[in-house]
>>> print(open('my_file05.txt').read())   # compact mmCIF, C-alpha atoms and all ligand atoms
# COMPACT_ATOMS: atom_id res chain seq x y z
CA MET A 233 42.68 -18.87 -29.58
CA ALA A 234 39.10 -17.92 -29.08
CA ASN A 235 38.35 -14.24 -28.85
CA LEU A 236 36.92 -13.96 -25.36
CA SER A 237 35.29 -11.01 -23.68
CA LYS A 238 36.84 -9.62 -20.52
CA LEU A 239 34.07 -11.28 -18.50
CA ASP A 240 34.70 -14.65 -20.14
CA GLN A 241 38.43 -14.39 -19.56
CA GLU A 242 37.93 -13.48 -15.94
CA PHE A 243 35.54 -16.37 -15.53
CA VAL A 244 37.91 -18.90 -17.06
CA THR A 245 40.88 -17.78 -14.97
CA LYS A 246 38.97 -17.65 -11.70
CA ALA A 247 37.03 -20.85 -12.34
CA ALA A 248 40.24 -22.74 -13.10
CA GLN A 249 42.12 -21.39 -10.08
CA ASP A 250 39.18 -21.72 -7.71
CA GLY A 251 38.75 -25.28 -8.92
CA LEU A 252 42.38 -26.06 -8.17
CA VAL A 253 42.16 -24.60 -4.69
CA GLU A 254 38.96 -26.52 -3.94
CA ILE A 255 40.68 -29.76 -4.92
CA LYS A 256 43.67 -28.94 -2.72
CA MET A 257 41.42 -28.00 0.17
CA ALA A 258 39.34 -31.17 -0.21
CA LYS A 259 42.48 -33.33 -0.18
CA LEU A 260 43.69 -31.51 2.89
CA ALA A 261 40.37 -32.12 4.63
CA GLN A 262 40.45 -35.80 3.75
CA LYS A 263 43.63 -35.98 5.81
CA LYS A 264 42.91 -33.46 8.53
CA ALA A 265 39.15 -33.37 9.12
CA HIS A 266 38.23 -33.96 12.74
CA SER A 267 34.60 -34.95 12.19
CA ASP A 268 33.35 -37.75 9.95
CA ARG A 269 30.87 -35.33 8.49
CA LEU A 270 33.64 -33.11 7.23
CA LYS A 271 35.48 -36.13 5.84
CA ASP A 272 32.33 -37.05 3.90
CA PHE A 273 32.01 -33.49 2.67
CA ALA A 274 35.65 -33.52 1.55
CA ASN A 275 34.99 -36.68 -0.50
CA VAL A 276 32.00 -35.07 -2.20
CA MET A 277 34.02 -31.91 -2.87
CA LEU A 278 36.91 -33.84 -4.35
CA ASP A 279 34.67 -35.88 -6.67
CA ASP A 280 32.63 -32.89 -7.81
CA HIS A 281 35.55 -30.53 -8.33
CA SER A 282 37.59 -33.14 -10.15
CA LEU A 283 34.68 -33.58 -12.54
CA ALA A 284 34.20 -29.81 -12.87
CA LYS A 285 37.92 -29.44 -13.63
CA GLN A 286 37.66 -32.08 -16.32
CA ARG A 287 34.65 -30.34 -17.87
CA LEU A 288 36.42 -26.98 -17.84
CA GLU A 289 39.46 -28.55 -19.50
CA GLU A 290 37.27 -30.08 -22.19
CA VAL A 291 35.63 -26.75 -22.95
CA ALA A 292 38.98 -24.92 -22.88
CA LYS A 293 40.36 -27.37 -25.42
CA GLN A 294 37.25 -27.08 -27.54
CA ILE A 295 37.45 -23.28 -27.74
CA GLY A 296 41.25 -23.21 -27.88
CA ILE A 297 42.27 -21.47 -24.68
CA LYS A 298 44.86 -22.21 -22.01
CA LEU A 299 43.95 -22.54 -18.35
CA PRO A 300 46.10 -21.42 -15.44
CA LYS A 301 47.75 -24.42 -13.79
CA GLN A 302 48.89 -22.68 -10.65
CA LEU A 303 47.22 -21.17 -7.65
CA SER A 304 47.46 -17.43 -7.07
CA GLU A 305 49.71 -16.25 -4.23
CA SER A 306 46.75 -15.54 -1.97
CA GLN A 307 45.34 -19.00 -2.66
CA LYS A 308 48.69 -20.58 -1.78
CA ASN A 309 48.68 -18.63 1.46
CA LEU A 310 45.15 -19.76 2.18
CA VAL A 311 46.01 -23.45 1.77
CA ASP A 312 49.15 -22.91 3.82
CA LYS A 313 47.20 -21.30 6.62
CA MET A 314 44.60 -24.08 6.59
CA SER A 315 47.23 -26.78 6.78
CA LYS A 316 48.37 -25.42 10.15
CA TYR A 317 45.06 -25.87 11.94
CA LYS A 318 44.36 -29.00 13.93
CA GLY A 319 41.37 -30.91 15.26
CA ASP A 320 38.01 -29.17 15.46
CA GLN A 321 39.75 -25.86 14.88
CA PHE A 322 40.61 -27.14 11.43
CA ASP A 323 36.97 -28.11 10.83
CA ARG A 324 35.64 -24.70 11.87
CA HIS A 325 38.09 -22.75 9.74
CA PHE A 326 37.62 -25.11 6.82
CA VAL A 327 33.85 -24.74 6.80
CA SER A 328 33.94 -20.94 7.05
CA THR A 329 36.58 -20.72 4.30
CA ILE A 330 34.60 -23.02 2.03
CA LEU A 331 31.49 -20.94 2.67
CA GLN A 332 33.20 -17.72 1.61
CA GLU A 333 34.82 -19.33 -1.43
CA HIS A 334 31.60 -20.89 -2.64
CA LYS A 335 29.60 -17.68 -2.18
CA LYS A 336 32.08 -15.96 -4.50
CA ASP A 337 32.06 -18.90 -6.90
CA VAL A 338 28.28 -19.15 -7.09
CA SER A 339 28.03 -15.49 -8.12
CA LEU A 340 30.94 -15.89 -10.54
CA TYR A 341 29.19 -18.81 -12.25
CA HIS A 342 25.79 -17.12 -12.28
CA ARG A 343 27.28 -13.97 -13.78
CA GLU A 344 28.92 -16.00 -16.54
CA SER A 345 25.82 -18.10 -17.23
CA GLU A 346 23.75 -14.92 -17.61
CA HIS A 347 26.16 -12.47 -19.20
CA GLY A 348 28.95 -14.54 -20.71
CA GLY A 349 29.79 -13.90 -24.36
CA ASN A 350 30.95 -17.40 -25.24
CA ASP A 351 28.20 -20.02 -25.50
CA GLU A 352 30.33 -22.98 -24.41
CA LEU A 353 31.47 -21.13 -21.30
CA LYS A 354 27.95 -19.92 -20.56
CA HIS A 355 26.61 -23.46 -20.75
CA LEU A 356 29.42 -24.79 -18.62
CA ALA A 357 28.75 -22.14 -15.97
CA ALA A 358 25.06 -23.04 -15.94
CA GLU A 359 25.93 -26.73 -15.69
CA ILE A 360 28.35 -26.37 -12.77
CA ALA A 361 26.59 -23.64 -10.72
CA PRO A 362 24.15 -26.08 -9.02
CA VAL A 363 27.09 -28.23 -7.87
CA LEU A 364 28.65 -25.20 -6.18
CA GLU A 365 25.28 -24.28 -4.66
CA LYS A 366 25.06 -27.78 -3.25
CA HIS A 367 28.48 -27.38 -1.58
CA LEU A 368 27.44 -23.99 -0.26
CA ASP A 369 24.29 -25.52 1.27
CA MET A 370 26.29 -28.36 2.80
CA ALA A 371 28.81 -25.94 4.30
CA GLN A 372 26.03 -23.71 5.60
CA SER A 373 24.27 -26.56 7.36
CA MET A 374 27.56 -27.75 8.85
CA GLN A 375 28.29 -24.29 10.17
CA SER A 376 24.86 -23.96 11.77
CA GLY A 377 25.15 -27.50 13.15
CA ALA A 378 21.95 -28.55 11.39
FE FE B 401 33.04 -27.09 -3.64
>>> encode(input="my_file05.txt", output="structure tokens", more="lines below")
Ligand SMILES: [Fe+2]
Amino acid sequence: MANLSKLDQEFVTKAAQDGLVEIKMAKLAQKKAHSDRLKDFANVMLDDHSLAKQRLEEVAKQIGIKLPKQLSESQKNLVDKMSKYKGDQFDRHFVSTILQEHKKDVSLYHRESEHGGNDELKHLAAEIAPVLEKHLDMAQSMQSGA
């Protein structure tokens, strides 16, 4: 087991759980999205987060750490809540939730890439951050209707 700093540990746990919730949310949106644009976004999210998950798993294996496999309670509640919305109400809530999540994630990844103690994790954070920024941009333009 690698000896990780508190920051690294926090990053790994949050990155793994946030990744899981993004995948769940994307799958939900593939089924429930009202607009084609959101369906397209969900496809991009699913592809990108599946790849990010795979990369995180590779690095975790490499440095000898275990990743959480379950969502936190609040994340379960979030997915639950989202699954109850319908039509364009679903789309609106989805986009605003994704915006909030990705804002938190982008700062999480930047913090790790700048201040992380473990080189593999730092590099991974730097590699994935632009993907999350892309999703944030996409969600922002969907929310503003641009
Ligand atoms: Fe995303």
>>> closest_atom_pairs(input="my_file05.txt", of="region 279-299 of chain A", to="region 271-274 of chain A", cutoff="12 Å", atoms="only C-alpha atoms", output="Markdown table")
| residue | atom | partner | partner_atom | distance |
| --- | --- | --- | --- | --- |
| A:Asp279 | CA | A:Ala274 | CA | 8.6 |
| A:Asp280 | CA | A:Ala274 | CA | 9.9 |
| A:His281 | CA | A:Ala274 | CA | 10.3 |
| A:Ser282 | CA | A:Ala274 | CA | 11.9 |
>>> residues_near_ligand(input="my_file05.txt", ligand="ligand FE 401 (chain B)", cutoff="7 Å", atoms="all atoms listed in the file", output="MDAnalysis selection string")
chainID A and resid 254 277 281 334 364 367
>>> residues_around(input="my_file05.txt", residues="region 286-290 of chain A", least_positions_apart="6", cutoff="9 Å", atoms="all atoms listed in the file", output="JSON, numbers by chain")
{"A": [244, 247, 248, 298, 299, 353, 356]}
>>> closest_residue(input="my_file05.txt", among="A:Leu331, A:Gly319, A:Arg343, A:Val363", to="Ala265 (chain A)", atoms="all atoms listed in the file")
A:Gly319
>>> closest_residue(input="my_file05.txt", among="A:Ser373, A:Lys366, A:Asp240, A:Gly348", to="Ala292 (chain A)", atoms="all atoms listed in the file")
A:Asp240
>>> atom_distance(input="my_file05.txt", atom1="CA of Met314 (chain A)", atom2="CA of Ile360 (chain A)")
25.4 Å
>>> residues_around(input="my_file05.txt", residues="region 300-306 of chain A", least_positions_apart="3", cutoff="12 Å", atoms="only C-alpha atoms", output="MDAnalysis selection string")
chainID A and resid 241:257 285 288:289 292 297 309:313
>>> residues_around(input="my_file05.txt", residues="Lys354 (chain A)", least_positions_apart="3", cutoff="6 Å", atoms="only C-alpha atoms", output="PyMOL selection string")
chain A and resi 344-345+348+351+357
>>> atom_distance(input="my_file05.txt", atom1="CA of Gln321 (chain A)", atom2="CA of Leu368 (chain A)")
19.6 Å
>>> residues_around(input="my_file05.txt", residues="Ser328 (chain A)", least_positions_apart="3", cutoff="8 Å", atoms="only C-alpha atoms", output="MDAnalysis selection string")
chainID A and resid 324:325 331:332 371 375
>>> atom_distance(input="my_file05.txt", atom1="CA of Tyr341 (chain A)", atom2="CA of Lys259 (chain A)")
23.1 Å
>>> closest_residue(input="my_file05.txt", among="A:Leu236, A:Phe322, A:Glu352, A:Ser376", to="Lys263 (chain A)", atoms="only C-alpha atoms")
A:Phe322
>>> closest_residue(input="my_file05.txt", among="A:Lys336, A:Gly349, A:Ile295, A:Leu270", to="Glu365 (chain A)", atoms="all atoms listed in the file")
A:Lys336
>>> build_atoms(input="my_file05.txt", residues="region 338-369 of chain A", atoms="N, CA and C atoms", output="compact mmCIF listing (two decimals), in the coordinates of the input")
# COMPACT_ATOMS: atom_id res chain seq x y z
N VAL A 338 29.66 -19.08 -6.60
CA VAL A 338 28.28 -19.15 -7.09
C VAL A 338 27.94 -17.88 -7.86
N SER A 339 28.35 -16.71 -7.35
CA SER A 339 28.03 -15.49 -8.12
C SER A 339 28.87 -15.38 -9.39
N LEU A 340 30.11 -15.85 -9.33
CA LEU A 340 30.94 -15.89 -10.54
C LEU A 340 30.27 -16.72 -11.65
N TYR A 341 29.80 -17.90 -11.27
CA TYR A 341 29.19 -18.81 -12.25
C TYR A 341 27.85 -18.28 -12.76
N HIS A 342 27.07 -17.68 -11.85
CA HIS A 342 25.79 -17.12 -12.28
C HIS A 342 26.00 -15.96 -13.25
N ARG A 343 26.99 -15.12 -12.92
CA ARG A 343 27.28 -13.97 -13.78
C ARG A 343 27.64 -14.45 -15.18
N GLU A 344 28.50 -15.47 -15.23
CA GLU A 344 28.92 -16.00 -16.54
C GLU A 344 27.73 -16.63 -17.27
N SER A 345 26.92 -17.40 -16.55
CA SER A 345 25.82 -18.10 -17.23
C SER A 345 24.79 -17.10 -17.76
N GLU A 346 24.71 -15.93 -17.14
CA GLU A 346 23.75 -14.92 -17.61
C GLU A 346 24.35 -13.96 -18.63
N HIS A 347 25.60 -13.55 -18.38
CA HIS A 347 26.16 -12.47 -19.20
C HIS A 347 27.37 -12.85 -20.04
N GLY A 348 27.77 -14.12 -19.98
CA GLY A 348 28.95 -14.54 -20.71
C GLY A 348 28.77 -14.35 -22.21
N GLY A 349 29.87 -14.13 -22.93
CA GLY A 349 29.79 -13.90 -24.36
C GLY A 349 30.00 -15.17 -25.17
N ASN A 350 30.63 -16.16 -24.53
CA ASN A 350 30.95 -17.40 -25.24
C ASN A 350 29.95 -18.49 -24.83
N ASP A 351 29.28 -19.07 -25.82
CA ASP A 351 28.20 -20.02 -25.50
C ASP A 351 28.66 -21.24 -24.72
N GLU A 352 29.83 -21.79 -25.12
CA GLU A 352 30.33 -22.98 -24.41
C GLU A 352 30.57 -22.67 -22.93
N LEU A 353 31.18 -21.51 -22.69
CA LEU A 353 31.47 -21.13 -21.30
C LEU A 353 30.18 -20.84 -20.52
N LYS A 354 29.25 -20.20 -21.19
CA LYS A 354 27.95 -19.92 -20.56
C LYS A 354 27.26 -21.22 -20.13
N HIS A 355 27.26 -22.18 -21.05
CA HIS A 355 26.61 -23.46 -20.75
C HIS A 355 27.33 -24.19 -19.63
N LEU A 356 28.64 -24.14 -19.68
CA LEU A 356 29.42 -24.79 -18.62
C LEU A 356 29.10 -24.16 -17.26
N ALA A 357 29.05 -22.85 -17.23
CA ALA A 357 28.75 -22.14 -15.97
C ALA A 357 27.37 -22.54 -15.45
N ALA A 358 26.41 -22.65 -16.35
CA ALA A 358 25.06 -23.04 -15.94
C ALA A 358 25.03 -24.48 -15.46
N GLU A 359 25.87 -25.31 -16.05
CA GLU A 359 25.93 -26.73 -15.69
C GLU A 359 26.55 -26.93 -14.30
N ILE A 360 27.59 -26.16 -14.01
CA ILE A 360 28.35 -26.37 -12.77
C ILE A 360 27.78 -25.58 -11.57
N ALA A 361 27.10 -24.48 -11.83
CA ALA A 361 26.59 -23.64 -10.72
C ALA A 361 25.81 -24.43 -9.66
N PRO A 362 24.91 -25.34 -10.05
CA PRO A 362 24.15 -26.08 -9.02
C PRO A 362 25.04 -26.95 -8.12
N VAL A 363 26.16 -27.42 -8.67
CA VAL A 363 27.09 -28.23 -7.87
C VAL A 363 27.70 -27.35 -6.76
N LEU A 364 28.06 -26.12 -7.15
CA LEU A 364 28.65 -25.20 -6.18
C LEU A 364 27.61 -24.77 -5.14
N GLU A 365 26.37 -24.61 -5.59
CA GLU A 365 25.28 -24.28 -4.66
C GLU A 365 25.07 -25.40 -3.66
N LYS A 366 25.20 -26.62 -4.14
CA LYS A 366 25.06 -27.78 -3.25
C LYS A 366 26.15 -27.74 -2.17
N HIS A 367 27.39 -27.46 -2.56
CA HIS A 367 28.48 -27.38 -1.58
C HIS A 367 28.24 -26.24 -0.60
N LEU A 368 27.72 -25.14 -1.12
CA LEU A 368 27.44 -23.99 -0.26
C LEU A 368 26.38 -24.37 0.78
N ASP A 369 25.34 -25.05 0.34
CA ASP A 369 24.29 -25.52 1.27
C ASP A 369 24.87 -26.46 2.31
